[in-house]
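Take a look at the structure below.
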6 protein chains.
Amino acid sequence: MILMWEPLVRAALLEDLGRAGDITTEACVPSSAQGDGVLAARVAGTIAGLDVAALSFRLIDTDVRFEPVLADGDQVEAGGAVARVRGPARGMLTAERVALNFLGHLSGIATATRFIADAIGHTACRVVCTRKTTPGLRALEKYAVRCGGGLNHRFGLDDAMLIKDNHIALAGGIAAALQRARARAGHLVKIEIEVDNLAQLEEVFVAGGADAVLLDNMGPDMLRQAVALVAGRAVTEASGGITPATAANIAETGVDLISVGWLTHSVRTLDIGLDF
Amino acid sequence: MILMWEPLVRAALLEDLGRAGDITTEACVPSSAQGDGVLAARVAGTIAGLDVAALSFRLIDTDVRFEPVLADGDQVEAGGAVARVRGPARGMLTAERVALNFLGHLSGIATATRFIADAIGHTACRVVCTRKTTPGLRALEKYAVRCGGGLNHRFGLDDAMLIKDNHIALAGGIAAALQRARARAGHLVKIEIEVDNLAQLEEVFVAGGADAVLLDNMGPDMLRQAVALVAGRAVTEASGGITPATAANIAETGVDLISVGWLTHSVRTLDIGLDF
Amino acid sequence: MILMWEPLVRAALLEDLGRAGDITTEACVPSSAQGDGVLAARVAGTIAGLDVAALSFRLIDTDVRFEPVLADGDQVEAGGAVARVRGPARGMLTAERVALNFLGHLSGIATATRFIADAIGHTACRVVCTRKTTPGLRALEKYAVRCGGGLNHRFGLDDAMLIKDNHIALAGGIAAALQRARARAGHLVKIEIEVDNLAQLEEVFVAGGADAVLLDNMGPDMLRQAVALVAGRAVTEASGGITPATAANIAETGVDLISVGWLTHSVRTLDIGLDF
Amino acid sequence: MILMWEPLVRAALLEDLGRAGDITTEACVPSSAQGDGVLAARVAGTIAGLDVAALSFRLIDTDVRFEPVLADGDQVEAGGAVARVRGPARGMLTAERVALNFLGHLSGIATATRFIADAIGHTACRVVCTRKTTPGLRALEKYAVRCGGGLNHRFGLDDAMLIKDNHIALAGGIAAALQRARARAGHLVKIEIEVDNLAQLEEVFVAGGADAVLLDNMGPDMLRQAVALVAGRAVTEASGGITPATAANIAETGVDLISVGWLTHSVRTLDIGLDF
Amino acid sequence: MILMWEPLVRAALLEDLGRAGDITTEACVPSSAQGDGVLAARVAGTIAGLDVAALSFRLIDTDVRFEPVLADGDQVEAGGAVARVRGPARGMLTAERVALNFLGHLSGIATATRFIADAIGHTACRVVCTRKTTPGLRALEKYAVRCGGGLNHRFGLDDAMLIKDNHIALAGGIAAALQRARARAGHLVKIEIEVDNLAQLEEVFVAGGADAVLLDNMGPDMLRQAVALVAGRAVTEASGGITPATAANIAETGVDLISVGWLTHSVRTLDIGLDF
Amino acid sequence: MILMWEPLVRAALLEDLGRAGDITTEACVPSSAQGDGVLAARVAGTIAGLDVAALSFRLIDTDVRFEPVLADGDQVEAGGAVARVRGPARGMLTAERVALNFLGHLSGIATATRFIADAIGHTACRVVCTRKTTPGLRALEKYAVRCGGGLNHRFGLDDAMLIKDNHIALAGGIAAALQRARARAGHLVKIEIEVDNLAQLEEVFVAGGADAVLLDNMGPDMLRQAVALVAGRAVTEASGGITPATAANIAETGVDLISVGWLTHSVRTLDIGLDF
């Protein structure tokens with residue numbers, strides 16, 4: 001949705017242009033020069049952010065044409081073309097870095113998500129992101145997670161309730177917390193609650209249950225027991241220290257979801273460059 | 001400089017609060033509840049972003065007190081306290097994620113920078129960042145690089161000239177590009193030029209030289225020759241694919257600077273949590 | 001949450017101040033003049049918006065003290081005091097209209113909601129608002145609904161799914177729409193679907209059900225049948241043309257919720273004035 | 001003037017889209033689906049806000065065509081078409097609610113204004129609005145008043161002086177207030193003064209008069225005397241508790257203007273829907 | 001009104017700070033250093049903008065104390081102190097240029113206005129500004145005109161009508177233009193009309209007159225005739241090419257106002273410096 | 001770069017439109033009226049700001065065509081055409097003042113710069129601007145200086161270091177200040193230092209030198225000695241009280257640059273009008 005991304009792209013371009021603009025390009029490149037380039041991936045990965053990259057060029061110069069070769073969510077091989085960019089060379093050079101910063105960051109998230117999604121693809125388990133996102137980029141980053149085959153957790157503090165350990169303690173226990181939450185939640189607001197052990201998990205269902213339970217930092221054995229205990233009465237989400245190496249093991253316990261903070265908080269950019 | 005960071009922190013908080021605010025905390029936590037917590041690092045690293053974290057809490061509730069234990073640039077051990085946070089529990093919980101998202105991201109950059117800075121500490125070489133930053137966070141990220149012992153490269157397209165391969169090609173060669181650049185640059189604008197080989201490097205000095213030369217993707221041998229060729233007439237910067245493993249080797253060639261994109265484009269958050 | 005309301009209050013004050021500010025007060029009232037006034041309701045109602053009113057005065061002059069007599073959600077009698085306002089007379093007069101515009105509008109919503117909530121108070125049914133809100137004021141208006149004893153429906157297009165007639169038609173039927181929705185929804189996103197008759201309602205449950213069903217424009221008899229048919233498998237919401245006169249009848253059918261657009265789209269301000 | 005409304009429409013759309021956008025439409029409606037719909041009034045009324053409604057659709061998708069059937073200020077019958085909307089179905093559904101929220105709100109104001117304007121149409125009296133407007137929407141609401149045949153009072157605190165009871169008291173009386181006001185007012189700033197009785201009114205003219213007098217809360221008899229006393233030396237405005245039932249009586253007293261706060265502070269939306 | 005100026009001061013500070021902030025001060029000045037300075041005028045003039053200057057320092061560092069020696073509108077002699085500034089030296093140095101840019105610019109306007117006001121002080125004529133202001137600073141500049149003893153003309157296109165030659169031509173003549181204007185104007189909107197000669201002026205009064213007449217580019221003789229012709233039926237404003245040398249002559253013709261564009265479009269800053 | 005100027009132009013137009021827009025034009029000019037006009041200079045000068053003027057018209061009405069006759073940096077004779085403007089008359093009239101305010105202001109700066117540039121054209125010396133700019137317009141004003149043949153000094157506090165007398169004093173002397181500055185500066189940040197006399201100048205080079213030296217308030221003789229002393233080791237900039245009358249004398253001393261604050265802080269608008 002361009003309307004939603006435009007303020008971010010505009011701000012990123014102005015951040016790079018500063019007060020004097022692209023003085024190198026303005027000095028060195030004749031205004032009549034035309035360019036014809038390809039956005040190419042240096043390594044394999046999953047693409048996300050083509051609309052944002054296109055918008056970066058368009059906001060600098062509407063005469064720059066951005067022709068996607070792939071679509072968001074597609075796989076690219078090392079050396080593969082992502083998009084073709086043509087038009088006034090000045091505009092292409094001025095917008096290049098911002099376009100690539102967005103595209104590399106979002107594709108990096110999509111690639112990592114796809115990696116995990118594939119690793120657990122033999123199970124019914126899905127990978128979800130968290131609120132550990134880069135300040136200002138949450139919606140874009142969550143979009144990139146979807147491009148990589150993941151699902152989204154909450155977008156913020158307001159679209160669902162997630163009752164954590166501190167909430168429970170301050171509310172006076174699991175039952176009290178759930179009761180307070182239900183009284184406040186609208187009918188379209190789901191409630192998830194975090195538990196650290198099976199005793200707490202039982203307490204949740206004694207207290208009436210929740211839409212989802214976050215099983216925090218449990219090993220595979222305990223997760224299996226937890227899934228059995230829940231018995232389909234709630235969505236089960238495993239969380240805490242899940243790595244590419246452990247994801248499959250965790251997923252095989254039968255949990256519905258694994259949530260992985262580093263998809264968005266420790267992004268490794270997908271190296272994409274613009275070749276003239 | 002709080003005036004500069006405040007719009008970012010405000011935007012990040014509003015991004016998390018959405019339209020309905022922190023409904024879980026509002027439901028579960030009595031408004032009178034007080035909290036007393038410690039921001040503690042789960043792993044060792046270098047801290048950056050304490051002012052931004054403090055501001056996150058203060059903008060949510062001015063009654064939350066944030067007392068730093070460390071200062072930006074300090075090392076923290078695994079388990080070490082970074083700051084103490086006390087006051088109304090609701091405000092602490094509502095601001096927690098945004099404060100940690102900033103602090104973890106910036107400390108992650110500082111930690112990576114410190115790692116490289118230490119790795120090349122036996123040389124006179126310094127590590128610098130690039131413009132491959134997260135959209136919207138460039139100034140904060142460059143600050144974090146300084147906290148980690150690095151120096152800053154350009155902040156944007158406008159505060160110095162960096163003549164790259166495409167500029168050279170479109171200007172009609174190195175000499176033409178340098179001449180055009182000098183004619184446009186104000187007296188407080190430095191000019192750096194990228195070269196791929198020694199022939200180009202010689203051409204730069206035949207054409208009158210530059211303030212700095214970016215030696216792109218050269219191996220240690222060629223870098224040594226380049227440093228000898230430059231002979232102090234310009235700042236030398238090695239760039240391209242430098243990893244923690246190769247940084248020392250590159251630095252030992254005698255270059256003044258190594259620039260490392262992944263300090264900012266592939267950040268690994270420093271895991272910091274809030275313990276009540 | 002002051003951080004969330006402040007941009008709105010600031011914008012409203014600047015809208016009223018224009019470019020030249022409050023020229024009447026500046027001309028007529030000595031800068032040293034002090035005022036002491038009471039915000040008093042001209043008619044009985046339910047109060048909402050005291051924090052926003054207080055902020056209106058504070059942003060104009062931090063020396064104006066705003067002392068609430070009541071709290072949001074409280075009932076006020078005709079003539080009853082809502083808050084006391086004291087301090088520099090200029091600031092009081094300049095901020096008065098904006099403070100009252102907010103307070104009257106929000107209290108008007110709370111009052112209407114309270115009226116309906118009381119009318120259906122003998123049932124388990126609750127009243128909820130819609131997305132038919134005043135552009136720019138949605139979060140505040142939904143807060144006012146809660147002050148009046150109502151619950152909130154969706155805050156926007158993104159925090160839950162509401163599948164309406166057009167979505168069903170374009171998706172290719174109820175089953176297809178529900179299947180598409182479930183595939184896209186994260187685990188904390190609820191799905192509600194609109195039906196016009198009992199056949200559609202049955203189709204919903206044949207297709208696997210939904211978290212909530214919106215029973216659109218049904219009379220009491222059909223609503224009763226619908227409630228029986230749903231049999232607790234989903235939240236039931238009656239919608240369409242519900243008036244103060246019909247609310248009780250509708251609520252008595254056993255539906256969980258009645259949604260009422262005019263709570264927010266046809267607000268009657270609660271008349272509150274500032275008496276010196 | 002699109003430049004003036006665009007920030008409001010953009011903000012309203014972003015308020016509705018939130019962070020994740022229109023997830024229901026994105027899930028249920030194929031991106032290739034086309035729609036063809038009519039904005040139709042459910043009840044009779046006066047239209048205002050077509051440009052704003054059109055902009056709502058255009059900002060979401062420039063391929064959605066909005067073809068007005070009527071113009072602002074036109075009357076629509078119950079069931080009558082207001083505009084035709086065609087194009088990508090997703091864009092139509094996503095923008096629908098915001099477009100209708102604006103159009104219904106503004107048409108509601110125009111309709112109420114037209115009702116009063118017609119009720120006093122047999123006199124020379126005109127109906128005017130006040131500053132009791134919805135925060136953020138003042139200029140749009142005042143435009144809607146004009147569409148309904150009304151005139152505008154002040155747009156803010158700065159474009160004219162309106163000396164009220166508190167100003168008079170704090171200035172030290174009517175003569176002092178008028179003298180202070182004239183000394184501060186530029187030559188294109190009009191001065192109006194509020195009076196509660198005929199003695200005050202006489203005092204105004206003894207003190208040199210004003211451009212307009214606001215006759216506050218006077219009954220028809222006193223208004224007639226006031227009009228006679230003024231004798232064309234100032235514009236006369238009756239204010240305070242004027243209802244549809246009393247408007248004609250008040251207008252027949254010979255006052256030039258009646259001002260009616262509920263035109264904008266207690267809007268009843270004009271029910272307009274989008275039929276595919 | 002601080003609420004109104006704050007966005008401008010904030011923007012000006014951020015414009016100066018850029019992305020990296022005040023690197024010179026940060027490098028050279030110890031954070032503990034304290035400063036004690038005086039804002040002193042290098043030449044005599046009239047002061048305007050003290051609140052804005054104070055705000056510039058306060059937004060950078062709340063610990064910097066700004067103590068005005070003079071008030072806006074006061075005369076300062078060459079070398080005279082305007083304000084004392086004390087506190088952390090870093091904050092003083094960082095805010096200095098922005099504070100002085102505002103203060104010098106506004107005091108320059110006040111000084112020029114005062115010069116003209118004094119030159120015509122022996123007449124009843126007053127000097128007014130125009131809409132030929134610096135983009136973004138209109139309200140501040142008009143405030144500065146008042147500080148210098150001038151009156152304000154329109155603040156924008158919307159707070160009064162000024163019918164110029166092109167409006168008259170396109171409306172079909174003076175009478176048509178005035179009639180159209182009156183039909184559109186609210187009762188608190190004044191109408192001024194521009195005339196180039198006495199025939200046009202007569203036409204204005206034949207057509208019912210206006211609140212003010214702008215006598216454009218008339219010499220003293222014609223102005224005298226114009227004043228006689230108007231005979232108090234409208235405010236008379238002389239405009240066009242009025243210089244300090246001709247102002248008195250023009251004012252002595254009996255016109256009520258002279259309007260002078262260069263008060264705001266050709267500002268000569270008042271030289272004020274910060275002496276430690 | 002339109003992306004950079006657009007927020008300023010948009011803000012300036014909204015500042016002029018206020019809340020009610022151009023009521024005079026709306027009242028007097030039929031919506032179908034077409035206009036055909038020429039932006040003509042009343043006096044000779046150098047043009048700057050055509051893109052900004054064009055944008056002013058385009059943002060009001062995209063149907064207004066702006067056809068430049070000259071380009072930025074061109075000389076215009078008195079009476080000469082600058083651009084042709086055609087299209088809907090309403091849009092032309094509404095945008096006219098803002099377009100001219102920008103164009104006159106920026107052309108005024110370019111004209112003054114060109115005057116000094118020509119006065120020193122027989123030397124190698126160049127004229128540069130300062131940070132004494134109009135709040136909010138710095139980048140545009142610095143662009144205008146370049147249009148007039150000048151060079152730009154720093155754009156802000158962050159793109160280069162300028163060590164002034166207060167920095168030196170607080171750092172503990174010239175050597176200490178330079179050392180601190182070099183330790184903080186990135187490799188693309190130049191350092192300039194202000195000196196008042198030759199002894200300080202020598203001290204600078206004893207302390208290792210700087211990229212540039214600002215020779216403050218020196219007479220021609222001392223400047224000559226300073227230039228000799230520097231002997232090409234740094235850029236030399238003369239500053240302080242340079243007037244059109246003294247510029248040539250100063251330039252002939254051999255300094256590289258003269259910096260002139262009044263180019264931007266005491267702008268005399270270039271009188272340009274729109275003739276239909």
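To be explicit about the labels: the chains of the structure tokens are called A, B, and onward in the order shown, and within each one the residues are counted from 1, while ligands get numbers from 1 in the order they are shown.
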Write down as an NGL selection string the residues of segment 2-233 of chain E whose backbone DSSP state falls under alpha helix (DSSP H).
-> :E and (2-17 or 23-28 or 50-60 or 89-119 or 138-147 or 165-171 or 174-184 or 198-206 or 220-230)
Chain C residues near chain D (7 Å cut-off, only C-alpha atoms) as a VMD selection string = chain C and resid 11 to 12 15 to 25 27 to 29 101 to 102 132 to 136 156 to 158 161 to 163 167 170 to 171 177 180 to 181 184 265 to 269
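Excluding segment 36-44 of chain C itself and same-chain residues fewer than 3 positions from it, the residues having an atom within 8 Å of it are Gln75, Val76, Glu77, Ala78, Gly79, Gly80, Ala81, Val82, Ala83, Arg84, Val85, Arg86, Gly87, Ala89, Leu270, Asp271, Ile272, Gly273, Leu274, Asp275 and Phe276 of chain C, counting only C-alpha atoms.
If you count only C-alpha atoms and ignore residues fewer than 4 places along the chain from segment 200-204 of chain A, what sits within 9 Å of it is Ile174, Ala175, Leu178, Ile193, Glu194, Val195, Asp196, Gly208, Gly209, Ala210, Val213, Leu215, Ala226, Leu229 and Val230 of chain A.
Note that the spacing between atom CA of His153 of chain D and atom CA of Val128 of chain D amounts to 5.9 Å.
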Near Trp5 of chain C, counting only C-alpha atoms, which residues have an atom at most 9 Å away, once you skip same-chain residues fewer than 6 positions from it, shown as a ChimeraX atom specification?
-> /C:51-52,55,139-140
Can you list, as a PyMOL selection string, all residues belonging to segment 57-166 of chain A that DSSP tags as strand (DSSP E)?
-> chain A and resi 65-68+75-76+81-88+126-128+161-163
